[in-house]
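K.L.:
This is entry-v7.txt (compact mmCIF, C-alpha atoms and all ligand atoms).
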```
# COMPACT_ATOMS: atom_id res chain seq x y z
CA MET U 251 0.00 0.00 0.00
CA ASN U 252 1.20 3.49 -0.79
CA THR U 253 0.92 5.71 2.29
CA GLN U 254 0.11 9.34 1.51
CA ILE U 255 1.98 11.84 3.68
CA ILE U 256 -0.07 15.00 4.19
CA LYS U 257 1.87 17.87 5.74
CA VAL U 258 -0.16 20.49 7.60
CA ASP U 259 0.33 23.48 9.84
CA PRO U 260 -0.54 22.07 13.28
CA GLU U 261 -2.17 25.29 14.51
CA HIS U 262 -4.05 26.26 11.36
CA PRO U 263 -4.45 23.15 9.22
CA ASP U 264 -5.48 23.72 5.60
CA ILE U 265 -9.03 22.40 5.44
CA GLU U 266 -8.59 21.11 1.87
CA LYS U 267 -5.81 18.81 3.10
CA ILE U 268 -7.87 17.67 6.09
CA ARG U 269 -10.68 16.80 3.66
CA ILE U 270 -8.42 14.40 1.76
CA ALA U 271 -7.85 12.50 5.00
CA ALA U 272 -11.52 12.79 6.02
CA GLU U 273 -12.59 11.15 2.73
CA ILE U 274 -10.28 8.21 3.43
CA LEU U 275 -11.86 7.71 6.87
CA LYS U 276 -15.39 7.87 5.44
CA LYS U 277 -14.51 5.05 3.04
CA GLY U 278 -13.27 2.82 5.87
CA GLY U 279 -9.56 3.65 5.44
CA LEU U 280 -6.92 4.42 8.08
CA VAL U 281 -5.26 7.78 8.76
CA ALA U 282 -2.62 8.58 11.39
CA PHE U 283 -2.93 12.08 12.85
CA PRO U 284 -1.40 14.23 15.59
CA THR U 285 -3.12 14.83 18.91
CA GLU U 286 -1.80 16.89 21.83
CA THR U 287 -0.64 13.66 23.57
CA VAL U 288 0.78 11.32 20.91
CA TYR U 289 -0.04 10.48 17.28
CA GLY U 290 -3.13 8.30 16.82
CA LEU U 291 -3.98 5.73 14.14
CA GLY U 292 -7.57 6.54 13.20
CA GLY U 293 -10.48 4.74 11.61
CA ASP U 294 -14.27 5.22 11.70
CA ALA U 295 -15.23 4.04 15.22
CA GLU U 296 -18.62 2.78 14.02
CA ASP U 297 -17.07 0.65 11.28
CA ALA U 298 -16.08 -2.79 12.61
CA GLY U 299 -13.95 -3.38 9.51
CA ALA U 300 -11.92 -0.22 10.11
CA SER U 301 -11.25 -1.30 13.70
CA LYS U 302 -10.08 -4.72 12.52
CA ALA U 303 -7.74 -3.00 10.07
CA ILE U 304 -6.28 -0.87 12.90
CA TYR U 305 -5.45 -4.00 14.92
CA ALA U 306 -3.85 -5.58 11.87
CA ALA U 307 -1.72 -2.53 10.98
CA LYS U 308 -0.39 -2.21 14.56
CA GLY U 309 -0.03 -5.94 15.17
CA ARG U 310 -2.17 -5.33 18.25
CA PRO U 311 -4.05 -8.07 20.14
CA SER U 312 -7.77 -7.63 19.32
CA ASP U 313 -8.82 -7.79 22.99
CA ASN U 314 -7.11 -4.45 23.63
CA PRO U 315 -9.83 -1.79 23.14
CA LEU U 316 -9.45 1.45 21.17
CA ILE U 317 -10.23 5.01 22.31
CA VAL U 318 -13.10 6.76 20.51
CA HIS U 319 -12.19 10.39 19.68
CA ILE U 320 -15.02 12.91 19.56
CA CYS U 321 -15.39 16.65 18.91
CA ASP U 322 -18.54 17.38 20.91
CA TYR U 323 -19.87 16.30 24.32
CA SER U 324 -23.14 15.16 22.71
CA GLN U 325 -21.21 12.37 20.98
CA LEU U 326 -20.31 10.95 24.41
CA GLU U 327 -24.03 10.86 25.21
CA LYS U 328 -24.75 9.26 21.85
CA ILE U 329 -22.51 6.23 22.43
CA SER U 330 -22.88 5.64 26.19
CA LYS U 331 -25.51 4.71 28.75
CA ASP U 332 -25.89 5.40 32.50
CA LEU U 333 -23.51 8.39 32.34
CA PRO U 334 -22.62 9.33 35.94
CA PRO U 335 -22.56 13.03 36.98
CA GLU U 336 -18.73 12.93 37.05
CA ALA U 337 -18.71 12.65 33.26
CA LYS U 338 -20.08 16.16 32.84
CA LYS U 339 -17.92 17.62 35.61
CA LEU U 340 -14.68 16.13 34.31
CA SER U 341 -15.38 16.90 30.69
CA ASP U 342 -16.28 20.50 31.55
CA ALA U 343 -12.96 20.80 33.36
CA PHE U 344 -10.59 18.94 31.04
CA TRP U 345 -12.12 18.59 27.54
CA PRO U 346 -10.96 19.26 24.97
CA GLY U 347 -7.75 17.82 26.38
CA PRO U 348 -5.57 14.86 27.41
CA MET U 349 -8.16 12.88 29.41
CA THR U 350 -10.00 9.69 28.41
CA LEU U 351 -13.19 8.58 30.19
CA ILE U 352 -14.33 4.95 30.45
CA VAL U 353 -18.12 4.69 30.48
CA ASN U 354 -20.76 2.03 29.82
CA LYS U 355 -21.50 1.67 26.12
CA ASN U 356 -24.80 1.34 24.30
CA GLY U 357 -25.06 -0.37 20.92
CA VAL U 358 -23.66 2.42 18.72
CA ILE U 359 -19.96 1.51 18.92
CA PRO U 360 -19.32 -2.09 17.79
CA HIS U 361 -17.54 -4.62 20.00
CA GLU U 362 -14.72 -4.79 17.44
CA THR U 363 -13.78 -1.24 18.52
CA THR U 364 -14.05 -1.92 22.27
CA GLY U 365 -12.16 -5.21 22.31
CA GLY U 366 -15.35 -7.07 23.20
CA LEU U 367 -15.96 -4.96 26.34
CA ASP U 368 -19.32 -3.42 27.32
CA THR U 369 -17.54 -0.20 28.24
CA VAL U 370 -16.03 2.37 25.89
CA ALA U 371 -13.07 4.75 26.19
CA VAL U 372 -13.85 8.27 24.95
CA ARG U 373 -11.64 11.32 24.46
CA PHE U 374 -12.22 14.83 23.08
CA PRO U 375 -8.74 15.92 21.95
CA SER U 376 -7.70 19.58 21.83
CA HIS U 377 -5.26 19.38 18.90
CA PRO U 378 -6.59 21.51 15.99
CA VAL U 379 -5.74 18.79 13.43
CA ALA U 380 -7.50 16.04 15.39
CA ASN U 381 -10.48 18.32 15.84
CA ALA U 382 -10.71 19.29 12.20
CA LEU U 383 -10.41 15.66 11.11
CA ILE U 384 -13.24 14.46 13.37
CA ARG U 385 -15.43 17.35 12.24
CA GLU U 386 -14.72 17.10 8.50
CA SER U 387 -15.12 13.31 8.38
CA GLY U 388 -18.32 13.34 10.41
CA CYS U 389 -16.92 10.19 12.05
CA MET U 390 -16.11 9.50 15.64
CA ILE U 391 -12.54 8.27 15.25
CA ALA U 392 -11.29 5.09 16.92
CA ALA U 393 -7.58 5.61 17.47
CA PRO U 394 -4.89 3.84 19.45
CA SER U 395 -1.41 5.33 19.51
CA ALA U 396 0.07 5.10 15.99
CA ASN U 397 3.00 2.82 16.83
CA THR U 398 3.63 -0.85 16.13
CA SER U 399 2.28 -2.69 19.17
CA GLY U 400 4.89 -2.81 21.95
CA ARG U 401 7.05 0.05 20.61
CA PRO U 402 7.28 3.50 22.21
CA SER U 403 4.29 5.72 21.31
CA PRO U 404 4.92 8.14 18.42
CA THR U 405 5.45 11.79 19.25
CA LYS U 406 6.62 12.85 15.75
CA ALA U 407 5.36 12.01 12.26
CA GLU U 408 8.75 10.35 11.55
CA HIS U 409 8.01 7.80 14.30
CA VAL U 410 4.71 6.92 12.61
CA ILE U 411 6.36 6.70 9.20
CA HIS U 412 9.00 4.38 10.67
CA ASP U 413 6.39 2.00 12.12
CA LEU U 414 3.45 2.19 9.69
CA ASN U 415 4.58 3.39 6.26
CA GLY U 416 3.07 1.10 3.62
CA LYS U 417 0.52 -0.32 6.06
CA ILE U 418 -2.05 2.52 6.22
CA ASP U 419 -3.66 4.95 3.77
CA ALA U 420 -2.31 8.25 5.05
CA ILE U 421 -0.28 10.03 7.71
CA ILE U 422 -1.01 13.65 8.58
CA ASP U 423 2.31 15.25 9.53
CA GLY U 424 1.62 18.04 12.01
CA GLY U 425 5.10 18.13 13.50
CA PRO U 426 5.97 17.10 17.05
CA VAL U 427 3.13 16.73 19.56
CA GLN U 428 2.87 18.92 22.66
CA ILE U 429 2.66 16.60 25.68
CA GLY U 430 4.35 13.39 24.57
CA LEU U 431 2.63 10.99 27.01
CA GLU U 432 -0.73 9.34 26.31
CA SER U 433 -3.91 10.67 27.95
CA THR U 434 -4.89 10.06 31.56
CA ILE U 435 -7.54 7.29 31.57
CA VAL U 436 -10.30 7.69 34.18
CA ASP U 437 -12.73 4.82 34.71
CA LEU U 438 -16.22 6.10 35.57
CA THR U 439 -17.82 2.66 35.75
CA GLU U 440 -16.58 2.05 39.30
CA GLU U 441 -18.05 3.43 42.54
CA VAL U 442 -15.18 5.93 42.78
CA PRO U 443 -13.51 7.41 39.64
CA THR U 444 -10.33 5.41 39.10
CA ILE U 445 -7.16 6.24 37.17
CA LEU U 446 -6.28 3.33 34.90
CA ARG U 447 -3.35 5.12 33.21
CA PRO U 448 -1.57 8.21 34.62
CA GLY U 449 -0.98 11.19 32.36
CA TYR U 450 -0.67 14.95 32.18
CA ILE U 451 -3.97 15.40 34.07
CA ASN U 452 -2.90 14.12 37.49
CA LYS U 453 -4.81 12.78 40.52
CA GLN U 454 -4.80 16.12 42.35
CA MET U 455 -6.29 17.91 39.33
CA LEU U 456 -9.07 15.31 39.05
CA GLU U 457 -9.78 15.42 42.80
CA LYS U 458 -10.30 19.17 42.70
CA VAL U 459 -13.22 18.53 40.35
CA VAL U 460 -14.85 15.31 41.63
CA GLY U 461 -13.51 14.66 45.13
CA GLU U 462 -12.09 11.21 45.86
CA VAL U 463 -10.20 9.54 43.02
CA LYS U 464 -8.57 6.10 43.21
CA VAL U 465 -5.61 4.69 41.31
CA ASP U 466 -5.88 1.20 39.80
CA PRO U 467 -3.61 -0.92 42.08
CA GLY U 468 -2.43 -2.75 38.96
CA ILE U 469 -0.46 0.31 37.79
CA LEU U 470 1.14 1.27 41.09
CA GLY U 471 4.52 0.00 40.07
CA THR U 472 7.26 -2.25 41.24
CA GLU U 473 5.64 -3.53 44.47
CA ASN U 474 2.44 -4.38 42.62
CA VAL U 475 3.70 -6.01 39.43
CA HIS U 476 1.59 -9.10 40.24
CA VAL U 477 -1.72 -7.14 40.28
CA ARG U 478 -3.54 -7.27 36.92
CA PRO U 479 -4.23 -3.75 35.58
CA LYS U 480 -7.85 -3.08 34.53
CA ALA U 481 -6.97 -1.41 31.21
CA PRO U 482 -6.02 -4.30 28.92
CA GLY U 483 -3.29 -2.24 27.26
CA MET U 484 -1.52 -1.70 30.57
CA ARG U 485 -0.99 -5.47 30.89
CA TYR U 486 1.21 -5.87 27.85
CA LYS U 487 4.94 -5.33 27.61
CA HIS U 488 5.05 -1.83 26.22
CA TYR U 489 7.15 1.15 25.21
CA ALA U 490 10.14 -1.12 25.13
CA PRO U 491 13.32 -0.13 23.31
CA LYS U 492 15.20 -3.06 21.80
CA GLY U 493 18.09 -2.82 24.29
CA ASP U 494 17.94 -4.01 27.90
CA LEU U 495 16.93 -0.92 29.87
CA LYS U 496 17.66 -0.53 33.59
CA ILE U 497 16.81 2.45 35.82
CA VAL U 498 19.36 3.56 38.42
CA SER U 499 17.81 5.35 41.39
CA GLY U 500 19.25 7.21 44.39
CA ASP U 501 21.35 10.30 45.20
CA GLN U 502 22.62 12.01 42.05
CA ASP U 503 26.34 11.47 42.77
CA LYS U 504 25.86 7.78 43.47
CA VAL U 505 23.65 7.34 40.41
CA ILE U 506 26.29 8.90 38.16
CA ALA U 507 29.02 6.71 39.67
CA GLU U 508 26.96 3.53 39.31
CA ILE U 509 25.89 4.27 35.72
CA ASN U 510 29.51 4.99 34.78
CA ARG U 511 30.58 1.72 36.40
CA LEU U 512 27.85 -0.30 34.62
CA ALA U 513 28.56 1.43 31.31
CA GLU U 514 32.26 0.59 31.54
CA GLU U 515 31.47 -3.00 32.44
CA GLY U 516 29.07 -3.23 29.49
CA GLU U 517 31.52 -1.73 27.04
CA ASN U 518 34.30 -4.05 28.24
CA SER U 519 32.06 -7.02 27.50
CA GLY U 520 31.68 -5.75 23.91
CA LYS U 521 28.14 -4.34 24.22
CA LYS U 522 26.82 -1.05 22.81
CA VAL U 523 25.81 1.12 25.77
CA GLY U 524 23.26 3.97 25.93
CA ILE U 525 22.78 6.39 28.83
CA ILE U 526 19.65 8.48 29.46
CA ALA U 527 20.87 11.59 31.29
CA THR U 528 19.69 15.15 31.92
CA GLU U 529 21.11 18.55 30.98
CA GLU U 530 22.52 18.73 34.52
CA THR U 531 24.28 15.35 34.41
CA LYS U 532 25.12 14.59 30.76
CA ASP U 533 28.71 15.88 31.00
CA PHE U 534 29.52 13.44 33.81
CA TYR U 535 29.10 10.42 31.53
CA HIS U 536 31.89 9.46 29.15
CA ILE U 537 31.02 6.03 27.80
CA GLY U 538 28.61 4.99 25.05
CA LYS U 539 25.81 7.10 23.61
CA VAL U 540 24.69 9.73 26.14
CA ILE U 541 21.31 11.33 25.39
CA SER U 542 19.91 14.18 27.48
CA ILE U 543 16.16 13.89 28.06
CA GLY U 544 16.00 17.56 29.06
CA ASP U 545 16.35 19.80 32.05
CA ARG U 546 15.64 17.97 35.33
CA THR U 547 13.67 20.97 36.60
CA ASP U 548 11.33 20.89 33.57
CA GLU U 549 9.23 17.75 33.93
CA TYR U 550 7.08 18.65 30.92
CA GLU U 551 10.19 18.65 28.76
CA ILE U 552 11.18 15.22 30.13
CA ALA U 553 7.68 13.87 29.33
CA HIS U 554 7.83 15.42 25.87
CA ASN U 555 11.18 13.78 25.06
CA LEU U 556 10.82 10.37 26.70
CA PHE U 557 9.51 8.26 23.80
CA ASP U 558 11.79 10.01 21.30
CA VAL U 559 14.83 9.21 23.47
CA LEU U 560 13.81 5.53 23.71
CA ARG U 561 13.49 5.39 19.91
CA LYS U 562 16.88 7.12 19.50
CA MET U 563 18.44 4.37 21.62
CA ASP U 564 17.10 1.86 19.08
CA GLU U 565 18.47 3.86 16.17
CA TYR U 566 21.87 3.84 17.82
CA GLY U 567 21.56 0.10 18.39
CA ALA U 568 22.07 0.30 22.15
CA GLU U 569 22.12 -3.18 23.71
CA LEU U 570 22.39 -2.01 27.31
CA ILE U 571 20.62 1.19 28.37
CA TYR U 572 20.97 2.89 31.75
CA SER U 573 18.58 5.66 32.75
CA GLU U 574 18.34 8.05 35.64
CA GLU U 575 15.01 8.15 37.49
CA PHE U 576 12.46 10.96 37.00
CA SER U 577 10.04 10.99 39.94
CA THR U 578 9.15 14.62 39.36
CA PRO U 579 6.44 16.43 41.39
CA LYS U 580 3.43 16.75 39.06
CA ILE U 581 3.63 14.15 36.32
CA GLY U 582 6.43 11.99 37.69
CA ASN U 583 3.94 9.12 38.14
CA ALA U 584 3.04 9.27 34.46
CA ILE U 585 6.67 9.49 33.33
CA MET U 586 7.85 6.68 35.62
CA ASN U 587 4.86 4.49 34.69
CA ARG U 588 6.13 4.47 31.07
CA LEU U 589 9.82 4.25 31.95
CA LEU U 590 9.28 1.37 34.42
CA LYS U 591 7.33 -0.56 31.78
CA ALA U 592 10.03 0.10 29.22
CA ALA U 593 12.54 -1.25 31.75
CA ALA U 594 10.36 -4.25 32.66
CA HIS U 595 10.60 -2.86 36.23
CA GLN U 596 14.36 -3.38 36.49
CA VAL U 597 15.52 -0.78 39.02
CA ILE U 598 18.95 -0.61 40.64
CA GLU U 599 18.88 1.27 43.96
CA VAL U 600 22.13 2.93 45.01
O1 LIG J 1 -3.50 9.98 24.37
C1 LIG J 1 -4.06 8.95 24.02
O2 LIG J 1 -4.88 8.35 24.76
C2 LIG J 1 -3.70 8.37 22.65
C3 LIG J 1 -4.17 9.37 21.59
C4 LIG J 1 -4.02 8.83 20.21
O3 LIG J 1 -5.50 9.73 21.86
N1 LIG J 1 -4.30 7.08 22.46
C5 LIG J 1 -3.84 5.97 23.10
O4 LIG J 1 -4.49 4.81 22.72
O5 LIG J 1 -2.94 5.97 23.91
P1 LIG J 1 -3.95 3.36 23.06
O6 LIG J 1 -4.86 2.44 22.33
O7 LIG J 1 -2.52 3.26 22.77
O8 LIG J 1 -4.23 3.18 24.58
C6 LIG J 1 -5.57 3.05 25.03
C7 LIG J 1 -5.57 2.41 26.37
C8 LIG J 1 -5.19 0.95 26.34
O9 LIG J 1 -4.40 0.67 27.48
C9 LIG J 1 -6.53 0.26 26.44
O10 LIG J 1 -6.45 -1.03 27.00
C10 LIG J 1 -7.31 1.20 27.32
O11 LIG J 1 -6.92 2.46 26.86
N2 LIG J 1 -8.77 1.10 27.13
C11 LIG J 1 -9.48 1.39 26.03
N3 LIG J 1 -10.79 1.11 26.21
C12 LIG J 1 -10.90 0.65 27.47
C13 LIG J 1 -12.00 0.21 28.27
N4 LIG J 1 -13.23 0.17 27.78
N5 LIG J 1 -11.75 -0.20 29.54
C14 LIG J 1 -10.48 -0.15 30.04
N6 LIG J 1 -9.40 0.27 29.33
C15 LIG J 1 -9.62 0.66 28.08
MG MG J 2 -0.64 2.67 22.79
```
Any chance you could put this one into structure tokens?

P.N.:
Amino acid sequence: MNTQIIKVDPEHPDIEKIRIAAEILKKGGLVAFPTETVYGLGGDAEDAGASKAIYAAKGRPSDNPLIVHICDYSQLEKISKDLPPEAKKLSDAFWPGPMTLIVNKNGVIPHETTGGLDTVAVRFPSHPVANALIRESGCMIAAPSANTSGRPSPTKAEHVIHDLNGKIDAIIDGGPVQIGLESTIVDLTEEVPTILRPGYINKQMLEKVVGEVKVDPGILGTENVHVRPKAPGMRYKHYAPKGDLKIVSGDQDKVIAEINRLAEEGENSGKKVGIIATEETKDFYHIGKVISIGDRTDEYEIAHNLFDVLRKMDEYGAELIYSEEFSTPKIGNAIMNRLLKAAAHQVIEV
């Protein structure tokens, strides 16, 4: 298949170009497009065939449900039933934006889109290109992240081209995304709203709007690796670079010393070594490929660069990768959730 690359201005997309992509969606085709979180791989959410094609293109297990992207609150009402009052409160506060709500579904969205579940994940993205595409196509768009299943999520069009060129009809190139981590998923089908995947919208922000919010014990990290996460996608090995990634945690001086020791050991055994550092620490490492993820004091920059850095480690061919830890104040949970999964929870405490 020849994949059309459609370049647009992310802030003011040319509507004629968006229409080309919208026509593809209307005919059951697949289009990758930028959102404020990561790039999505879109198809008509009401078309079971389009959903099947999305699973095939990504190599994704078909029991892992897709997120339905909308451009108006009334579409949430159209595809759900028994909407709790929190749906309105949270959407008023955070939509359009990087939050996905899990609600009970009615019959409008087929089970092929929801991985056989009776609930549906819904998000109203804020990115102008995503918005224009939903509007112009007249479709609600089912879209997982536009990466090959298991690889880091795509934050640039080049990442999507790398994974999906030749497998889908079109890719809208709107440059790098803003946030770089996937949306916060909030399950509204439980007694208390529950975070199934942490993201830019954190627990404190949600609690200000709806009071008590729980976190799915299955995503709480290293102590809870045996608990099964509720979101099917959080159960799979994910985000993984090809090299063996380990996180080194502790006081900065000790972390630097340990990473240098491990890097030397790795290099002496003939392995290609990669180091994920920060602007503050990058000059203290002298072995292998050192990539700065950003300024340690700017957690949004770290989030924005994380998946790109993991992909760069693959490009370099790193076989052993050592990363510093990034438990930053606001979105550290979201960053470390991805990094720990990428590292298969291998943490070295110093
Ligand atoms: O930011 C995002 O959410 C991006 C952009 C493209 O919108 N999308 C994204 O989709 O990250 P995906 O498919 O990579 O991740 C969706 C996650 C998966 O972990 C999936 O299992 C979970 O949402 N999910 C979807 N529907 C669900 C449901 N009904 N119940 C529980 N989890 C659900
Ligand atoms: Mg994904």

K.L.:
So that I can see what lies close to stretch 329-344 of chain U, please list as a PyMOL selection string the residues with an atom at most 9 Å from it, counting only C-alpha atoms and leaving out residues fewer than 3 positions away in the same chain.

P.N.:
chain U and resi 323-326+347-349+351+353-359+369-370+374+438-439+443+451+456+459-460

K.L.:
With C-alpha atoms retained, could you export that selection as a compact mmCIF listing (two decimals), in the frame of the given file?

P.N.:
```txt
# COMPACT_ATOMS: atom_id res chain seq x y z
CA TYR U 323 -19.87 16.30 24.32
CA SER U 324 -23.14 15.16 22.71
CA GLN U 325 -21.21 12.37 20.98
CA LEU U 326 -20.31 10.95 24.41
CA GLY U 347 -7.75 17.82 26.38
CA PRO U 348 -5.57 14.86 27.41
CA MET U 349 -8.16 12.88 29.41
CA LEU U 351 -13.19 8.58 30.19
CA VAL U 353 -18.12 4.69 30.48
CA ASN U 354 -20.76 2.03 29.82
CA LYS U 355 -21.50 1.67 26.12
CA ASN U 356 -24.80 1.34 24.30
CA GLY U 357 -25.06 -0.37 20.92
CA VAL U 358 -23.66 2.42 18.72
CA ILE U 359 -19.96 1.51 18.92
CA THR U 369 -17.54 -0.20 28.24
CA VAL U 370 -16.03 2.37 25.89
CA PHE U 374 -12.22 14.83 23.08
CA LEU U 438 -16.22 6.10 35.57
CA THR U 439 -17.82 2.66 35.75
CA PRO U 443 -13.51 7.41 39.64
CA ILE U 451 -3.97 15.40 34.07
CA LEU U 456 -9.07 15.31 39.05
CA VAL U 459 -13.22 18.53 40.35
CA VAL U 460 -14.85 15.31 41.63
```

K.L.:
Measuring between only C-alpha atoms and all ligand atoms, which one of U:Gly483, U:Thr253, U:Asp423, U:Asn415 shows the shortest distance to ligand MG 2 (chain J)?

P.N.:
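So, comparing all the options, the nearest one is U:Gly483.
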
K.L.:
Taking all atoms listed in the file into account, list the residues no farther than 8 Å from ligand LIG 1 (chain J), as a ChimeraX atom specification.

P.N.:
/U:284-291,314-317,319,348-350,352-353,364-365,367-373,375,393-396,403,431-435,437,446-447,480-485

K.L.:
With all atoms listed in the file as the basis for distance, which of U:Ala527, U:Val465, U:Ile256, U:Ile429 is at the shortest distance from U:Ile581?

P.N.:
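Residue with the minimum atom-to-atom distance to U:Ile581: U:Ile429.
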
K.L.:
Step by step: start from the point (13.1, 19.1, 34.8) in the file's coordinates, keep every protein, DNA or RNA residue that has an atom no farther than 10 Å from it, count all atoms listed in the file, and write the set as a VMD selection string.

P.N.:
chain U and resid 528 to 530 543 to 553 576 578 to 579

K.L.:
To one decimal in Å, tell me the separation between atom CA of U:Pro263 and atom CA of U:Pro378.

P.N.:
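So the two atoms, atom CA of U:Pro263 and atom CA of U:Pro378, lie 7.3 Å apart.
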
K.L.:
Which of these, U:Lys453, U:His409, U:Arg561, U:Arg401, has the shortest distance to ligand MG 2 (chain J) once you count only C-alpha atoms and all ligand atoms?

P.N.:
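Residue with the minimum atom-to-atom distance to ligand MG 2 (chain J): U:Arg401.
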
K.L.:
Could you tell me how far atom CA of U:Ser573 lies from atom CA of U:Ser499, in Å and to one decimal?

P.N.:
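Computing it gives 8.7 Å between the two atoms.
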
K.L.:
Closest to ligand MG 2 (chain J) among U:Ala593, U:Leu512, U:Leu470, U:Ile304, using all atoms listed in the file?

P.N.:
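Looking at the shortest contact to ligand MG 2 (chain J), the residue is U:Ile304.
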
K.L.:
May I ask for the distance between atom CA of U:Pro448 and atom CA of U:Ala584, given in Å to one decimal place?

P.N.:
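These atoms are spaced 4.7 Å apart.
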
K.L.:
Smallest atom-to-atom distance to ligand MG 2 (chain J): which of U:Lys302, U:Asn381, U:Asn397, U:Pro491, using all atoms listed in the file?

P.N.:
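Smallest distance to ligand MG 2 (chain J) is found for U:Asn397.
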
K.L.:
Which one of U:Asn452, U:Thr405, U:Asn252, U:Ser519 sits closest to ligand MG 2 (chain J) if you count all atoms listed in the file?

P.N.:
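Closest candidate: U:Thr405.
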
K.L.:
Quick one: axis-aligned box around all listed atoms of stretch 441-452 of chain U, 5 Å on every side, centre and edge lengths in Å to one decimal, written as lines of an AutoDock Vina configuration file.

P.N.:
```
center_x = -9.4
center_y = 9.4
center_z = 37.5
size_x = 27.4
size_y = 22.1
size_z = 20.6
```

K.L.:
Determine, counting all atoms listed in the file, which protein, DNA and RNA residues have an atom within 12 Å of an atom of U:Met251; residues of the same chain fewer than 6 positions away are not included. Present the result as a VMD selection string.

P.N.:
chain U and resid 279 to 280 307 414 to 420

K.L.:
Return stretch 361-366 of chain U, completed with all heavy atoms, as a compact mmCIF listing (two decimals), in the frame of the given file.

P.N.:
```
# COMPACT_ATOMS: atom_id res chain seq x y z
N HIS U 361 -18.47 -3.93 19.10
CA HIS U 361 -17.54 -4.62 20.00
C HIS U 361 -16.15 -4.76 19.40
O HIS U 361 -15.17 -4.88 20.13
CB HIS U 361 -18.10 -5.98 20.41
CG HIS U 361 -19.05 -5.89 21.56
ND1 HIS U 361 -20.37 -6.25 21.48
CD2 HIS U 361 -18.87 -5.44 22.83
CE1 HIS U 361 -20.96 -6.03 22.64
NE2 HIS U 361 -20.09 -5.54 23.48
N GLU U 362 -16.05 -4.73 18.08
CA GLU U 362 -14.72 -4.79 17.44
C GLU U 362 -13.87 -3.59 17.88
O GLU U 362 -12.65 -3.69 17.99
CB GLU U 362 -14.84 -4.77 15.91
CG GLU U 362 -15.25 -6.10 15.30
CD GLU U 362 -16.74 -6.39 15.44
OE1 GLU U 362 -17.49 -5.53 15.97
OE2 GLU U 362 -17.16 -7.48 15.01
N THR U 363 -14.51 -2.45 18.11
CA THR U 363 -13.78 -1.24 18.52
C THR U 363 -13.41 -1.29 20.00
O THR U 363 -12.37 -0.77 20.41
CB THR U 363 -14.63 0.02 18.22
OG1 THR U 363 -14.93 0.04 16.83
CG2 THR U 363 -13.91 1.30 18.61
N THR U 364 -14.28 -1.93 20.82
CA THR U 364 -14.05 -1.92 22.27
C THR U 364 -13.45 -3.23 22.77
O THR U 364 -13.54 -3.55 23.97
CB THR U 364 -15.36 -1.63 23.04
OG1 THR U 364 -16.31 -2.66 22.73
CG2 THR U 364 -15.93 -0.28 22.67
N GLY U 365 -12.84 -3.98 21.88
CA GLY U 365 -12.16 -5.21 22.31
C GLY U 365 -13.10 -6.17 23.01
O GLY U 365 -12.69 -6.90 23.91
N GLY U 366 -14.38 -6.15 22.61
CA GLY U 366 -15.35 -7.07 23.20
C GLY U 366 -15.94 -6.59 24.52
O GLY U 366 -16.82 -7.23 25.09
```
